[in-house]
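Next comes target_32.cif, with mmCIF, C-alpha atoms (C1' of nucleotides).
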data_input
loop_
_atom_site.group_PDB
_atom_site.id
_atom_site.type_symbol
_atom_site.label_atom_id
_atom_site.label_comp_id
_atom_site.auth_asym_id
_atom_site.auth_seq_id
_atom_site.Cartn_x
_atom_site.Cartn_y
_atom_site.Cartn_z
ATOM 1 C CA MET A 872 15.779 85.989 133.363
ATOM 2 C CA PRO A 873 12.619 85.062 135.141
ATOM 3 C CA GLU A 874 9.953 82.715 133.921
ATOM 4 C CA LEU A 875 7.308 81.089 136.084
ATOM 5 C CA PRO A 876 9.634 78.831 138.146
ATOM 6 C CA GLU A 877 11.994 81.701 138.890
ATOM 7 C CA VAL A 878 9.172 84.019 139.932
ATOM 8 C CA GLU A 879 7.697 81.271 142.104
ATOM 9 C CA THR A 880 11.130 80.722 143.682
ATOM 10 C CA VAL A 881 11.299 84.429 144.480
ATOM 11 C CA ARG A 882 7.772 84.321 145.881
ATOM 12 C CA ARG A 883 8.640 81.458 148.217
ATOM 13 C CA THR A 884 11.878 82.993 149.427
ATOM 14 C CA LEU A 885 10.082 86.283 150.082
ATOM 15 C CA GLU A 886 7.674 84.648 152.531
ATOM 16 C CA PRO A 887 9.649 85.821 155.606
ATOM 17 C CA VAL A 888 8.389 89.363 154.947
ATOM 18 C CA ILE A 889 4.774 88.349 155.471
ATOM 19 C CA GLY A 890 3.520 90.192 158.524
ATOM 20 C CA ALA A 891 6.129 92.941 158.249
ATOM 21 C CA THR A 892 4.963 96.545 158.338
ATOM 22 C CA ILE A 893 5.872 98.780 155.410
ATOM 23 C CA THR A 894 7.685 101.631 157.146
ATOM 24 C CA SER A 895 8.850 103.575 154.083
ATOM 25 C CA VAL A 896 8.727 103.517 150.309
ATOM 26 C CA TRP A 897 11.287 104.920 147.906
ATOM 27 C CA ASP A 898 11.515 104.868 144.123
ATOM 28 C CA SER A 899 14.167 106.016 141.691
ATOM 29 C CA GLY A 900 11.796 108.080 139.572
ATOM 30 C CA LEU A 901 13.006 106.333 136.442
ATOM 31 C CA GLY A 902 10.629 104.692 133.995
ATOM 32 C CA LEU A 903 10.555 100.913 133.794
ATOM 33 C CA HIS A 904 8.751 98.876 131.134
ATOM 34 C CA MET A 905 7.114 101.122 128.505
ATOM 35 C CA ASN A 906 8.791 103.989 130.341
ATOM 36 C CA ARG A 907 6.181 103.705 133.090
ATOM 37 C CA LYS A 908 7.291 104.820 136.518
ATOM 38 C CA PRO A 909 6.258 103.095 139.718
ATOM 39 C CA PRO A 910 3.173 105.005 140.992
ATOM 40 C CA ARG A 911 4.800 106.978 143.774
ATOM 41 C CA ARG A 912 1.675 108.295 145.474
ATOM 42 C CA LYS A 913 -0.071 104.944 145.504
ATOM 43 C CA LEU A 914 3.056 103.261 146.808
ATOM 44 C CA ARG A 915 3.546 105.826 149.554
ATOM 45 C CA ALA A 916 -0.066 105.354 150.612
ATOM 46 C CA LEU A 917 0.927 101.818 151.635
ATOM 47 C CA VAL A 918 3.213 103.038 154.423
ATOM 48 C CA GLY A 919 1.815 101.690 157.683
ATOM 49 C CA ALA A 920 0.176 98.678 156.065
ATOM 50 C CA LYS A 921 1.467 95.162 156.639
ATOM 51 C CA ILE A 922 2.411 92.616 154.015
ATOM 52 C CA ALA A 923 -0.375 90.071 154.168
ATOM 53 C CA ALA A 924 0.291 87.517 151.436
ATOM 54 C CA LEU A 925 2.383 86.798 148.357
ATOM 55 C CA ARG A 926 0.739 85.494 145.240
ATOM 56 C CA ARG A 927 1.812 84.805 141.674
ATOM 57 C CA ILE A 928 -0.047 84.775 138.387
ATOM 58 C CA GLY A 929 2.166 83.643 135.525
ATOM 59 C CA LYS A 930 5.300 85.759 135.758
ATOM 60 C CA TYR A 931 3.619 88.427 137.897
ATOM 61 C CA LEU A 932 4.169 88.607 141.616
ATOM 62 C CA ILE A 933 1.407 90.141 143.738
ATOM 63 C CA VAL A 934 2.149 91.447 147.204
ATOM 64 C CA ASP A 935 -1.073 91.763 149.163
ATOM 65 C CA THR A 936 -1.158 94.191 152.048
ATOM 66 C CA THR A 937 -3.554 94.877 154.882
ATOM 67 C CA ALA A 938 -4.623 97.941 152.880
ATOM 68 C CA PRO A 939 -7.095 97.371 150.021
ATOM 69 C CA GLN A 940 -4.224 97.660 147.551
ATOM 70 C CA SER A 941 -1.669 95.137 146.386
ATOM 71 C CA ILE A 942 1.701 95.678 144.772
ATOM 72 C CA VAL A 943 2.197 94.053 141.368
ATOM 73 C CA ALA A 944 5.754 93.289 140.312
ATOM 74 C CA HIS A 945 7.156 91.884 137.093
ATOM 75 C CA LEU A 946 10.875 91.184 136.867
ATOM 76 C CA GLY A 947 11.200 91.647 133.108
ATOM 77 C CA MET A 948 14.523 90.273 131.891
ATOM 78 C CA SER A 949 16.896 91.500 134.558
ATOM 79 C CA GLY A 950 14.767 92.306 137.595
ATOM 80 C CA ARG A 951 15.494 91.103 141.111
ATOM 81 C CA LEU A 952 13.467 91.323 144.293
ATOM 82 C CA ARG A 953 15.605 90.772 147.343
ATOM 83 C CA ILE A 954 15.440 91.113 151.095
ATOM 84 C CA HIS A 955 18.324 93.179 152.460
ATOM 85 C CA ASP A 956 19.491 94.533 155.759
ATOM 86 C CA ALA A 957 18.506 98.211 155.634
ATOM 87 C CA ARG A 958 22.140 99.139 156.317
ATOM 88 C CA ASP A 959 23.443 97.338 153.203
ATOM 89 C CA PRO A 960 24.542 99.731 150.468
ATOM 90 C CA ARG A 961 22.102 99.960 147.592
ATOM 91 C CA ALA A 962 23.122 98.337 144.344
ATOM 92 C CA PRO A 963 23.167 100.370 141.129
ATOM 93 C CA HIS A 964 19.851 100.249 139.246
ATOM 94 C CA THR A 965 17.796 100.013 142.407
ATOM 95 C CA HIS A 966 14.363 101.318 141.396
ATOM 96 C CA ALA A 967 12.112 100.649 144.375
ATOM 97 C CA VAL A 968 12.745 100.069 148.073
ATOM 98 C CA PHE A 969 10.157 99.042 150.645
ATOM 99 C CA GLY A 970 11.391 99.687 154.163
ATOM 100 C CA LEU A 971 10.366 96.932 156.589
ATOM 101 C CA GLY A 972 11.886 98.088 159.844
ATOM 102 C CA ALA A 973 15.457 96.782 159.957
ATOM 103 C CA ARG A 974 15.018 95.074 156.603
ATOM 104 C CA GLU A 975 14.274 96.304 153.097
ATOM 105 C CA LEU A 976 12.627 94.706 150.106
ATOM 106 C CA ARG A 977 14.497 96.056 147.071
ATOM 107 C CA PHE A 978 13.666 95.942 143.377
ATOM 108 C CA VAL A 979 16.782 96.144 141.208
ATOM 109 C CA ASP A 980 16.483 96.061 137.430
ATOM 110 C CA PRO A 981 19.396 97.146 135.205
ATOM 111 C CA ARG A 982 17.527 96.872 131.924
ATOM 112 C CA ARG A 983 14.330 98.423 133.261
ATOM 113 C CA PHE A 984 12.065 95.959 131.495
ATOM 114 C CA GLY A 985 10.273 95.155 134.748
ATOM 115 C CA GLN A 986 7.105 96.634 136.204
ATOM 116 C CA ILE A 987 6.026 97.884 139.618
ATOM 117 C CA ASP A 988 2.400 98.868 139.988
ATOM 118 C CA VAL A 989 -0.413 99.040 142.512
ATOM 119 C CA VAL A 990 -3.798 97.400 142.046
ATOM 120 C CA THR A 991 -6.925 97.076 144.128
ATOM 121 C CA ARG A 992 -7.093 93.605 145.595
ATOM 122 C CA GLY A 993 -9.843 91.582 144.004
ATOM 123 C CA ALA A 994 -9.688 93.699 140.857
ATOM 124 C CA GLU A 995 -6.221 92.575 139.721
ATOM 125 C CA ARG A 996 -7.540 91.391 136.407
ATOM 126 C CA VAL A 997 -8.552 94.949 135.557
ATOM 127 C CA HIS A 998 -4.851 95.719 135.239
ATOM 128 C CA PRO A 999 -4.107 95.543 131.504
ATOM 129 C CA SER A 1000 -1.061 93.316 131.935
ATOM 130 C CA LEU A 1001 -2.940 90.821 134.083
ATOM 131 C CA ALA A 1002 -6.204 90.984 132.166
ATOM 132 C CA ILE A 1003 -4.875 89.100 129.184
ATOM 133 C CA LEU A 1004 -3.246 86.223 131.070
ATOM 134 C CA GLY A 1005 -4.353 82.684 130.402
ATOM 135 C CA PRO A 1006 -4.447 80.036 133.126
ATOM 136 C CA ASP A 1007 -1.427 79.485 135.360
ATOM 137 C CA PRO A 1008 -0.144 75.945 134.868
ATOM 138 C CA LEU A 1009 0.823 75.402 138.515
ATOM 139 C CA THR A 1010 -2.067 77.001 140.364
ATOM 140 C CA GLU A 1011 -4.881 76.265 137.925
ATOM 141 C CA GLY A 1012 -5.708 73.239 135.835
ATOM 142 C CA ILE A 1013 -5.025 73.591 132.134
ATOM 143 C CA ASP A 1014 -7.814 72.319 129.922
ATOM 144 C CA ALA A 1015 -5.969 70.649 127.058
ATOM 145 C CA ALA A 1016 -9.119 70.580 124.926
ATOM 146 C CA ALA A 1017 -9.492 74.354 125.315
ATOM 147 C CA VAL A 1018 -5.833 74.906 124.413
ATOM 148 C CA SER A 1019 -6.297 72.661 121.409
ATOM 149 C CA ARG A 1020 -9.250 74.728 120.236
ATOM 150 C CA LEU A 1021 -7.090 77.854 120.515
ATOM 151 C CA ALA A 1022 -4.277 76.160 118.584
ATOM 152 C CA ARG A 1023 -6.622 75.248 115.765
ATOM 153 C CA ARG A 1024 -7.090 78.958 114.991
ATOM 154 C CA ARG A 1025 -3.384 79.845 115.088
ATOM 155 C CA LYS A 1026 -1.136 79.808 112.084
ATOM 156 C CA SER A 1027 1.905 80.861 114.092
ATOM 157 C CA SER A 1028 4.608 78.461 115.221
ATOM 158 C CA LEU A 1029 4.020 76.307 118.265
ATOM 159 C CA LYS A 1030 6.867 78.161 119.933
ATOM 160 C CA ALA A 1031 5.074 81.484 119.513
ATOM 161 C CA PHE A 1032 1.833 79.850 120.651
ATOM 162 C CA VAL A 1033 3.415 78.572 123.864
ATOM 163 C CA LEU A 1034 5.063 81.936 124.541
ATOM 164 C CA ASP A 1035 1.692 83.691 124.233
ATOM 165 C CA GLN A 1036 0.829 84.580 127.834
ATOM 166 C CA GLY A 1037 -2.829 84.619 126.906
ATOM 167 C CA VAL A 1038 -2.741 80.897 126.138
ATOM 168 C CA ILE A 1039 -0.830 79.710 129.206
ATOM 169 C CA ALA A 1040 0.683 82.187 131.648
ATOM 170 C CA GLY A 1041 4.288 81.874 132.729
ATOM 171 C CA VAL A 1042 6.114 80.044 129.947
ATOM 172 C CA GLY A 1043 9.146 81.944 128.634
ATOM 173 C CA ASN A 1044 11.896 81.324 126.143
ATOM 174 C CA ILE A 1045 13.825 78.639 128.023
ATOM 175 C CA TYR A 1046 10.888 76.485 129.055
ATOM 176 C CA ALA A 1047 9.165 76.833 125.677
ATOM 177 C CA SER A 1048 12.115 75.047 124.064
ATOM 178 C CA GLU A 1049 12.279 72.527 126.897
ATOM 179 C CA ALA A 1050 8.565 71.688 126.824
ATOM 180 C CA LEU A 1051 8.525 71.284 123.042
ATOM 181 C CA TRP A 1052 11.487 68.899 123.255
ATOM 182 C CA ARG A 1053 9.759 66.965 126.010
ATOM 183 C CA ALA A 1054 6.601 66.693 123.885
ATOM 184 C CA LYS A 1055 8.679 65.743 120.807
ATOM 185 C CA LEU A 1056 7.267 68.618 118.781
ATOM 186 C CA ARG A 1057 9.287 70.901 116.496
ATOM 187 C CA PRO A 1058 9.114 74.555 117.630
ATOM 188 C CA SER A 1059 8.490 75.723 114.054
ATOM 189 C CA LYS A 1060 5.494 73.401 113.634
ATOM 190 C CA ARG A 1061 2.350 75.407 112.885
ATOM 191 C CA ALA A 1062 0.003 75.445 115.874
ATOM 192 C CA ASN A 1063 -3.006 74.684 113.690
ATOM 193 C CA ARG A 1064 -1.335 71.562 112.302
ATOM 194 C CA THR A 1065 -1.321 69.758 115.627
ATOM 195 C CA THR A 1066 -3.573 66.990 116.900
ATOM 196 C CA VAL A 1067 -5.459 67.059 120.184
ATOM 197 C CA ALA A 1068 -3.111 64.341 121.437
ATOM 198 C CA GLN A 1069 -0.080 66.450 120.591
ATOM 199 C CA ILE A 1070 -1.471 69.468 122.415
ATOM 200 C CA SER A 1071 -2.339 67.291 125.408
ATOM 201 C CA SER A 1072 1.220 66.036 125.454
ATOM 202 C CA LEU A 1073 2.513 69.595 125.171
ATOM 203 C CA VAL A 1074 0.353 70.812 128.052
ATOM 204 C CA ALA A 1075 1.549 67.942 130.237
ATOM 205 C CA SER A 1076 5.143 68.650 129.228
ATOM 206 C CA ILE A 1077 4.833 72.315 130.120
ATOM 207 C CA ARG A 1078 3.662 71.410 133.600
ATOM 208 C CA GLU A 1079 6.428 68.837 134.036
ATOM 209 C CA VAL A 1080 9.146 71.181 132.831
ATOM 210 C CA LEU A 1081 8.005 74.009 135.092
ATOM 211 C CA GLU A 1082 7.630 71.774 138.148
ATOM 212 C CA ARG A 1083 11.039 70.233 137.545
ATOM 213 C CA ALA A 1084 12.636 73.663 137.283
ATOM 214 C CA LEU A 1085 10.902 74.727 140.470
ATOM 215 C CA VAL A 1086 12.356 71.740 142.342
ATOM 216 C CA HIS A 1087 15.804 73.093 141.370
ATOM 217 C CA ASN A 1088 14.901 76.650 142.422
ATOM 218 C CA GLY A 1089 14.835 77.926 138.848
ATOM 219 C CA THR A 1090 17.395 78.388 136.102
ATOM 220 C CA SER A 1091 20.296 80.800 136.583
ATOM 221 C CA LEU A 1092 21.922 81.261 133.178
ATOM 222 C CA ARG A 1093 23.625 84.508 134.066
ATOM 223 C CA ASP A 1094 22.118 86.379 136.946
ATOM 224 C CA PHE A 1095 18.866 85.003 138.326
ATOM 225 C CA VAL A 1096 18.817 84.912 142.122
ATOM 226 C CA ASP A 1097 16.053 84.388 144.663
ATOM 227 C CA ALA A 1098 15.059 86.809 147.430
ATOM 228 C CA ASP A 1099 18.060 85.690 149.482
ATOM 229 C CA GLY A 1100 20.517 86.111 146.613
ATOM 230 C CA GLU A 1101 20.842 82.373 145.890
ATOM 231 C CA SER A 1102 21.122 81.064 142.328
ATOM 232 C CA GLY A 1103 18.941 78.261 140.986
ATOM 233 C CA ASP A 1104 20.390 74.919 139.856
ATOM 234 C CA ASN A 1105 18.107 74.078 136.948
ATOM 235 C CA ALA A 1106 20.557 75.156 134.229
ATOM 236 C CA GLU A 1107 22.394 71.849 134.579
ATOM 237 C CA TYR A 1108 19.161 69.950 134.003
ATOM 238 C CA LEU A 1109 18.109 71.680 130.768
ATOM 239 C CA TRP A 1110 17.675 69.241 127.896
ATOM 240 C CA VAL A 1111 18.116 71.545 124.908
ATOM 241 C CA TYR A 1112 18.219 75.239 125.830
ATOM 242 C CA GLY A 1113 21.713 76.598 125.267
ATOM 243 C CA ARG A 1114 22.987 73.181 124.121
ATOM 244 C CA ARG A 1115 23.609 73.741 120.417
ATOM 245 C CA GLY A 1116 25.846 71.018 119.007
ATOM 246 C CA GLU A 1117 25.532 68.777 122.042
ATOM 247 C CA PRO A 1118 23.965 65.327 121.666
ATOM 248 C CA CYS A 1119 20.252 65.004 122.313
ATOM 249 C CA CYS A 1120 19.904 62.983 125.510
ATOM 250 C CA ARG A 1121 17.096 60.942 123.897
ATOM 251 C CA CYS A 1122 18.523 60.129 120.476
ATOM 252 C CA LYS A 1123 22.117 61.478 120.425
ATOM 253 C CA ALA A 1124 21.529 63.695 117.375
ATOM 254 C CA LYS A 1125 23.082 67.159 117.585
ATOM 255 C CA ILE A 1126 20.894 69.843 119.114
ATOM 256 C CA LYS A 1127 20.164 72.681 116.707
ATOM 257 C CA ARG A 1128 19.638 76.365 117.326
ATOM 258 C CA SER A 1129 17.323 78.474 115.208
ATOM 259 C CA VAL A 1130 15.731 81.872 115.576
ATOM 260 C CA LEU A 1131 11.954 82.110 115.796
ATOM 261 C CA GLN A 1132 10.391 85.536 116.173
ATOM 262 C CA GLY A 1133 13.791 86.894 116.993
ATOM 263 C CA ARG A 1134 14.364 84.516 119.904
ATOM 264 C CA ALA A 1135 16.880 81.716 120.225
ATOM 265 C CA THR A 1136 15.173 78.356 119.905
ATOM 266 C CA TYR A 1137 16.752 74.952 120.575
ATOM 267 C CA TYR A 1138 15.485 71.593 119.376
ATOM 268 C CA CYS A 1139 16.482 68.108 118.306
ATOM 269 C CA PRO A 1140 16.130 67.756 114.523
ATOM 270 C CA THR A 1141 15.445 64.028 114.675
ATOM 271 C CA CYS A 1142 13.156 63.352 117.595
ATOM 272 C CA GLN A 1143 10.959 66.466 117.438
ATOM 273 C CA THR A 1144 8.395 65.975 114.687
ATOM 274 C CA PRO A 1145 8.002 68.857 112.233
ATOM 275 C "C1'" DA B 1249 -7.725 90.032 112.687
ATOM 276 C "C1'" DT B 1250 -3.356 87.796 112.993
ATOM 277 C "C1'" DC B 1251 1.496 87.662 112.731
ATOM 278 C "C1'" DA B 1252 6.547 88.868 112.766
ATOM 279 C "C1'" DC B 1253 9.426 92.403 113.811
ATOM 280 C "C1'" DG B 1254 11.700 96.099 116.168
ATOM 281 C "C1'" DA B 1255 12.029 98.918 120.158
ATOM 282 C "C1'" DC B 1256 12.757 99.437 124.813
ATOM 283 C "C1'" DC B 1257 17.515 99.303 128.219
ATOM 284 C "C1'" DT B 1258 22.086 97.857 130.240
ATOM 285 C "C1'" DG B 1259 25.924 94.821 130.782
ATOM 286 C "C1'" DG B 1260 28.702 90.825 129.847
ATOM 287 C "C1'" DA B 1261 31.283 87.997 126.591
ATOM 288 C "C1'" DG B 1262 34.071 87.410 122.788
ATOM 289 C "C1'" DG B 1263 36.765 88.997 118.702
ATOM 290 C "C1'" DC B 1264 40.333 91.950 117.016
ATOM 291 C "C1'" DT C 310 43.890 97.601 127.535
ATOM 292 C "C1'" DG C 311 40.196 99.259 124.632
ATOM 293 C "C1'" DC C 312 36.767 99.277 121.225
ATOM 294 C "C1'" DC C 313 33.373 96.935 118.599
ATOM 295 C "C1'" DT C 314 29.627 93.709 117.887
ATOM 296 C "C1'" DC C 315 26.500 90.454 119.429
ATOM 297 C "C1'" DC C 316 23.604 88.437 122.772
ATOM 298 C "C1'" DA C 317 20.375 88.079 126.842
ATOM 299 C "C1'" DG C 318 15.382 84.580 130.618
ATOM 300 C "C1'" DG C 319 9.930 89.870 128.389
ATOM 301 C "C1'" DT C 320 6.425 92.664 126.628
ATOM 302 C "C1'" DC C 321 4.243 95.911 123.709
ATOM 303 C "C1'" DG C 322 3.174 98.830 119.574
ATOM 304 C "C1'" DT C 323 3.746 98.887 114.800
ATOM 305 C "C1'" DG C 324 3.011 97.897 110.029
ATOM 306 C "C1'" DA C 325 2.312 94.293 106.696
#
Starting from the file, lay out its structure as structure tokens.
Amino acid sequence: MPELPEVETVRRTLEPVIGATITSVWDSGLGLHMNRKPPRRKLRALVGAKIAALRRIGKYLIVDTTAPQSIVAHLGMSGRLRIHDARDPRAPHTHAVFGLGARELRFVDPRRFGQIDVVTRGAERVHPSLAILGPDPLTEGIDAAAVSRLARRRKSSLKAFVLDQGVIAGVGNIYASEALWRAKLRPSKRANRTTVAQISSLVASIREVLERALVHNGTSLRDFVDADGESGDNAEYLWVYGRRGEPCCRCKAKIKRSVLQGRATYYCPTCQTP
DNA sequence: ATCACGACCTGGAGGC
DNA sequence: TGCCTCCAGGTCGTGA
């Protein structure tokens, strides 16, 4: 579900909880990603603290508090973070609830691929998941020359290269296909067979694709919703993802679907150079 | 060291 | 209606 634009949409719609006091913490006790459970003791230690700020690095959301600790959340494939009235019944697969007086911030994740953790503010990058992240394309500049140097050493496909969170943080399966179409590069093209100009174009395309999706509040293919439960509109603006057999909007050739590293990949066979 | 693959989970869609 | 198979927006550990 959530790539960078979706997580950023959640972050923005969560802003009304800034300043709220955490009055209670509950967790389901079930393991999430890698069967890791939310750290109950560390979470409970946050009761009494206020939510101070909401940040995002790639697909990770960071909830800073007035305590020295911050909450780290990753939505995985099916995770949602929503603000509810505390009296609303809890949905199935609710795994963490932060009481905020009359409201609650709830983490619901049917597939349990998400993460909830606690880190010390300022030392986020010690967390193994955050330590490996490359630059965030919306909050940090991406040095195309540096990305090109990385690409030169990679024999994998460009698609796999773009999905590598250590190269650029936040690009997922939808926007990888979209950015490669935008840059007119075939997803199966070997990363080390690209020119500096091609990588520059790709980097620019990634930023454009993510910013465009953000303007439309993210892509809701099945179930993505923001913190208020609203869907995003970007699905109708996708150029290739999910459009097998439809005409390419640049050249009218039929969009193809292939599988790269086990993931659906969409591209135009005529205007994306192999 | 690098890469592709399968595993991790549940639920929805489509075929029969 | 019910059962089966396939598919899904992510990440990590494995074995080649």
Å distance separating CA of Ala967 (chain A) from C1' of DC321 (chain C), one decimal place
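So the two atoms, CA of Ala967 (chain A) and C1' of DC321 (chain C), lie 22.6 Å apart.
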Contact residues (chain A, partner chain B, 8 Å, all atoms listed in the file) as a VMD selection string:
chain A and resid 904 to 905 981 to 984 1027 1132 to 1133
With a cut-off of 12 Å, could you pull out the residues of chain C touching chain A and give me the nearest pair of atoms for each, distance in Å to one decimal, using only C-alpha atoms (C1' of nucleotides), ordered by chain and ascending number, as CSV?
residue,atom,partner,partner_atom,distance
C:DC316,C1',A:Ala1135,CA,9.8
C:DA317,C1',A:Met948,CA,8.0
C:DG318,C1',A:Met872,CA,3.1
C:DG319,C1',A:Gly947,CA,5.2
C:DT320,C1',A:His904,CA,8.0
C:DC321,C1',A:Met905,CA,7.6
C:DG322,C1',A:Met905,CA,10.0
Atom pair CA of Lys913 (chain A) / CA of Val989 (chain A): separation (Å)
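These two atoms are separated by 6.6 Å.
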Between CA of Ala1068 (chain A) and CA of Tyr1138 (chain A) - distance in Å to one decimal
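Atom-to-atom, CA of Tyr1138 (chain A) and CA of Ala1068 (chain A) are spaced 20.1 Å apart.
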Excluding Arg912 (chain A) and any residue of its chain fewer than 3 positions from it, enumerate the residues within 12 Å of it, using all atoms listed in the file, and give them as a PyMOL selection string.
chain A and resi 896-898+900+908-909+915-918+988-989
My list of candidates is A:Leu1081, A:Val1038, A:His998, A:Glu1049. Which is closest to Val878 (chain A) when distances are computed with only C-alpha atoms?
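The answer is A:Leu1081, which sits nearest to Val878 (chain A).
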Phe969 (chain A) surroundings by all atoms listed in the file, 8 Å radius, close-in-sequence under 6 positions cut, as JSON, numbers by chain:
{"A": [893, 894, 895, 896, 897, 975, 976, 977]}
Based on the selection just made, write C-alpha atoms of those residues as an mmCIF file, in the frame of the given file.
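Dumped to part-v4.cif:
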data_model
loop_
_atom_site.group_PDB
_atom_site.id
_atom_site.type_symbol
_atom_site.label_atom_id
_atom_site.label_comp_id
_atom_site.auth_asym_id
_atom_site.auth_seq_id
_atom_site.Cartn_x
_atom_site.Cartn_y
_atom_site.Cartn_z
ATOM 1 C CA ILE A 893 5.872 98.780 155.410
ATOM 2 C CA THR A 894 7.685 101.631 157.146
ATOM 3 C CA SER A 895 8.850 103.575 154.083
ATOM 4 C CA VAL A 896 8.727 103.517 150.309
ATOM 5 C CA TRP A 897 11.287 104.920 147.906
ATOM 6 C CA GLU A 975 14.274 96.304 153.097
ATOM 7 C CA LEU A 976 12.627 94.706 150.106
ATOM 8 C CA ARG A 977 14.497 96.056 147.071
#
Excluding Arg1128 (chain A) and residues on its chain fewer than 2 positions from it, collect all residues at most 10 Å away from it, counting only C-alpha atoms (C1' of nucleotides), and give them as an mmCIF file with C-alpha atoms, in the frame of the given file.
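Below is the file that was written, part_12.cif:
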data_model
loop_
_atom_site.group_PDB
_atom_site.id
_atom_site.type_symbol
_atom_site.label_atom_id
_atom_site.label_comp_id
_atom_site.auth_asym_id
_atom_site.auth_seq_id
_atom_site.Cartn_x
_atom_site.Cartn_y
_atom_site.Cartn_z
ATOM 1 C CA VAL A 1111 18.116 71.545 124.908
ATOM 2 C CA TYR A 1112 18.219 75.239 125.830
ATOM 3 C CA GLY A 1113 21.713 76.598 125.267
ATOM 4 C CA ARG A 1114 22.987 73.181 124.121
ATOM 5 C CA ARG A 1115 23.609 73.741 120.417
ATOM 6 C CA GLY A 1116 25.846 71.018 119.007
ATOM 7 C CA LYS A 1125 23.082 67.159 117.585
ATOM 8 C CA ILE A 1126 20.894 69.843 119.114
ATOM 9 C CA VAL A 1130 15.731 81.872 115.576
ATOM 10 C CA LEU A 1131 11.954 82.110 115.796
ATOM 11 C CA ALA A 1135 16.880 81.716 120.225
ATOM 12 C CA THR A 1136 15.173 78.356 119.905
ATOM 13 C CA TYR A 1137 16.752 74.952 120.575
ATOM 14 C CA TYR A 1138 15.485 71.593 119.376
ATOM 15 C CA CYS A 1139 16.482 68.108 118.306
ATOM 16 C CA PRO A 1140 16.130 67.756 114.523
#
Applying 9 Å and only C-alpha atoms (C1' of nucleotides), which residues near Cys1120 (chain A) remain after dropping the ones on its own chain fewer than 3 positions away? List them as a list in words.
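The residues that qualify are Trp1110, Val1111, Glu1117, Lys1123 and Ala1124 of chain A.
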